[in-house]
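Containing mmCIF, C-alpha atoms: run.cif.
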data_protein
loop_
_atom_site.label_atom_id
_atom_site.label_comp_id
_atom_site.auth_asym_id
_atom_site.auth_seq_id
_atom_site.Cartn_x
_atom_site.Cartn_y
_atom_site.Cartn_z
CA MET A 147 16.60 8.58 -24.78
CA THR A 148 14.64 11.76 -24.03
CA ASP A 149 17.18 13.95 -25.83
CA ASP A 150 16.96 11.67 -28.85
CA LEU A 151 13.14 11.67 -28.84
CA ILE A 152 12.54 15.42 -29.01
CA GLU A 153 13.95 16.10 -32.49
CA PRO A 154 12.20 13.22 -34.32
CA VAL A 155 8.88 14.32 -32.80
CA ARG A 156 9.57 17.95 -33.74
CA GLN A 157 10.05 16.86 -37.36
CA ARG A 158 6.65 15.12 -37.47
CA LYS A 159 3.94 17.75 -36.94
CA VAL A 160 1.23 15.14 -37.38
CA ILE A 161 1.99 14.01 -33.80
CA TYR A 162 1.64 17.33 -31.98
CA ASP A 163 0.13 20.02 -34.21
CA SER A 164 -3.65 19.94 -34.01
CA LYS A 165 -3.78 22.36 -36.97
CA CYS A 166 -2.00 19.85 -39.21
CA LYS A 167 -4.42 18.45 -41.80
CA ASP A 168 -3.43 14.85 -40.96
CA TYR A 169 -3.53 15.29 -37.17
CA LYS A 170 -6.81 13.39 -36.81
CA ASP A 171 -5.66 10.61 -39.12
CA HIS A 172 -4.65 7.83 -36.72
CA PHE A 173 -2.92 5.87 -39.47
CA MET A 174 -0.63 8.82 -40.24
CA ARG A 175 0.10 9.40 -36.57
CA ASN A 176 0.82 5.73 -35.96
CA ALA A 177 3.11 5.66 -39.00
CA ALA A 178 5.00 8.65 -37.59
CA TRP A 179 5.40 6.88 -34.24
CA GLU A 180 6.61 3.75 -36.01
CA GLU A 181 9.24 5.81 -37.84
CA ILE A 182 10.40 7.32 -34.56
CA ALA A 183 10.51 3.92 -32.88
CA GLU A 184 12.59 2.55 -35.73
CA ILE A 185 15.03 5.48 -35.55
CA LEU A 186 15.42 5.12 -31.78
CA GLU A 187 15.35 1.31 -31.87
CA GLN A 188 12.67 1.28 -29.18
CA PRO A 189 9.11 -0.08 -29.05
CA VAL A 190 6.40 2.33 -30.20
CA ASN A 191 4.67 2.26 -26.81
CA LYS A 192 7.87 3.23 -25.01
CA CYS A 193 8.35 6.18 -27.36
CA LYS A 194 4.75 7.30 -26.82
CA ASP A 195 5.03 6.91 -23.04
CA ASP A 196 8.32 8.83 -22.91
CA TRP A 197 6.80 11.60 -25.03
CA ALA A 198 3.77 11.83 -22.73
CA LYS A 199 6.08 12.11 -19.72
CA LEU A 200 8.12 14.84 -21.41
CA ARG A 201 4.99 16.72 -22.45
CA ASN A 202 3.55 16.55 -18.92
CA ALA A 203 6.81 17.66 -17.32
CA PHE A 204 7.02 20.55 -19.78
CA ALA A 205 3.46 21.60 -18.96
CA SER A 206 4.35 21.55 -15.25
CA ALA A 207 7.45 23.66 -15.88
CA LEU A 208 5.41 26.21 -17.80
CA LYS A 209 2.80 26.27 -15.04
CA ARG A 210 5.48 26.84 -12.37
CA ARG A 211 6.95 29.66 -14.41
CA ARG A 212 3.52 31.22 -15.00
CA ASN A 213 2.65 31.04 -11.29
CA LYS A 214 6.02 32.25 -10.03
CA LYS A 215 6.28 34.72 -7.22
CA SER A 216 7.92 38.08 -7.66
CA GLY A 217 11.15 39.21 -6.05
CA GLN A 218 13.79 36.85 -4.75
CA ALA A 219 11.64 33.73 -5.14
CA ALA A 220 11.34 34.38 -8.88
CA ALA A 221 15.09 34.73 -9.27
CA ALA A 222 15.61 31.30 -7.71
CA LEU A 223 13.45 29.55 -10.33
CA VAL A 224 15.74 27.34 -12.41
CA PRO A 225 14.51 26.39 -15.89
CA TRP A 226 13.63 22.74 -16.43
CA LYS A 227 16.30 20.71 -18.24
CA TYR A 228 14.36 20.29 -21.52
CA GLU A 229 12.35 23.50 -21.38
CA GLU A 230 14.22 25.19 -24.22
CA SER A 231 14.27 22.04 -26.38
CA LEU A 232 10.51 21.61 -26.08
CA SER A 233 9.64 25.23 -26.65
CA PHE A 234 8.63 24.61 -30.27
CA PRO A 235 4.95 25.42 -30.75
CA TYR A 236 3.35 22.09 -30.01
CA MET A 237 1.54 22.78 -26.80
CA GLU A 238 -1.21 25.32 -26.81
CA CYS A 239 -1.61 27.01 -23.47
CA ARG A 240 -5.16 26.59 -22.39
CA SER A 241 -6.72 28.87 -19.89
CA THR A 242 -9.07 27.42 -17.36
CA LYS A 243 -12.38 29.05 -16.64
CA GLN A 244 -13.40 29.37 -13.04
CA MET A 245 -17.01 29.80 -12.13
#
Translate this file's structure into C-alpha cells.
Amino acid sequence: MTDDLIEPVRQRKVIYDSKCKDYKDHFMRNAAWEEIAEILEQPVNKCKDDWAKLRNAFASALKRRRNKKSGQAAAALVPWKYEESLSFPYMECRSTKQM
C-alpha cells in the first residue's frame, strides 16, 4: 500500500505543500484524502496514518543521512527504501535552535 500511496499524495499539493493557497482549507484537504482513499479502496484514516508513518520514516532517514559519520561509516549507510520516491519537495527541513 505504501508504494501506491506516494503518487496520489504527490499529485495533491494541498496535502503537503504549506505554500499552496488551499493548504489551510480543511475541506479541500479532506476532499483530497477522500479521493486518495477511494483510489486505494482504503479508509481515509488508514491512508492518513500510513502517510504519517511514511513522512516520519523519511524524516528519520534524512536525519540519519545529515548526521552521518565520515569515512567508512558513511559508505555503509544504505538509503531508505522510499527515500527517492519521497524526495519531492513536501518536507521543509527545519533547523533547530539550541540555546
Using the chain letters and residue numbers of this document, give as a VMD selection string the residues selected by the PyMOL selection byres ((chain A and resi 149) around 12).
chain A and resid 147 to 148 150 to 156 186 193 196 to 197 200 227 to 232
Write a file of the selected residues as a PDB file, in the coordinates of the input, keeping C-alpha atoms.
ATOM      1  CA  MET A 147      16.600   8.580 -24.780  1.00  0.00           C
ATOM      2  CA  THR A 148      14.640  11.760 -24.030  1.00  0.00           C
ATOM      3  CA  ASP A 150      16.960  11.670 -28.850  1.00  0.00           C
ATOM      4  CA  LEU A 151      13.140  11.670 -28.840  1.00  0.00           C
ATOM      5  CA  ILE A 152      12.540  15.420 -29.010  1.00  0.00           C
ATOM      6  CA  GLU A 153      13.950  16.100 -32.490  1.00  0.00           C
ATOM      7  CA  PRO A 154      12.200  13.220 -34.320  1.00  0.00           C
ATOM      8  CA  VAL A 155       8.880  14.320 -32.800  1.00  0.00           C
ATOM      9  CA  ARG A 156       9.570  17.950 -33.740  1.00  0.00           C
ATOM     10  CA  LEU A 186      15.420   5.120 -31.780  1.00  0.00           C
ATOM     11  CA  CYS A 193       8.350   6.180 -27.360  1.00  0.00           C
ATOM     12  CA  ASP A 196       8.320   8.830 -22.910  1.00  0.00           C
ATOM     13  CA  TRP A 197       6.800  11.600 -25.030  1.00  0.00           C
ATOM     14  CA  LEU A 200       8.120  14.840 -21.410  1.00  0.00           C
ATOM     15  CA  LYS A 227      16.300  20.710 -18.240  1.00  0.00           C
ATOM     16  CA  TYR A 228      14.360  20.290 -21.520  1.00  0.00           C
ATOM     17  CA  GLU A 229      12.350  23.500 -21.380  1.00  0.00           C
ATOM     18  CA  GLU A 230      14.220  25.190 -24.220  1.00  0.00           C
ATOM     19  CA  SER A 231      14.270  22.040 -26.380  1.00  0.00           C
ATOM     20  CA  LEU A 232      10.510  21.610 -26.080  1.00  0.00           C
TER      21      LEU A 232
END
For A:Asp171, list every protein, DNA or RNA residue within 12 Å, evaluated using all atoms listed in the file, and leave out those in the same chain fewer than 6 positions away; present the list as an MDAnalysis selection string.
chainID A and resid 160:161 164 177:178
Coordinates-based distance that separates atom CA of A:Val224 from atom CA of A:Arg158 (Å, one decimal):
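A separation of 29.3 Å between them.
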Go ahead and compute the interatomic distance for atom CA of A:Tyr169 and atom CA of A:Gln157, in Å to one decimal.
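Going from atom CA of A:Tyr169 over to atom CA of A:Gln157 covers 13.7 Å.
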I want to know what sits within 10 Å of A:Asn191, based on only C-alpha atoms, with residues of the same chain fewer than 6 positions away left out; could you give that as a VMD selection string?
chain A and resid 179 to 180 183 197
Looking at A:Ser233, A:Glu184, A:Lys192, A:Asn176, which one is nearest to A:Leu208, with distances taken over all atoms listed in the file?
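The shortest atom-to-atom distance to A:Leu208 comes from A:Ser233.
Reported to one decimal place, the separation of atom CA of A:Arg175 from atom CA of A:Lys194 is 11.0 Å.
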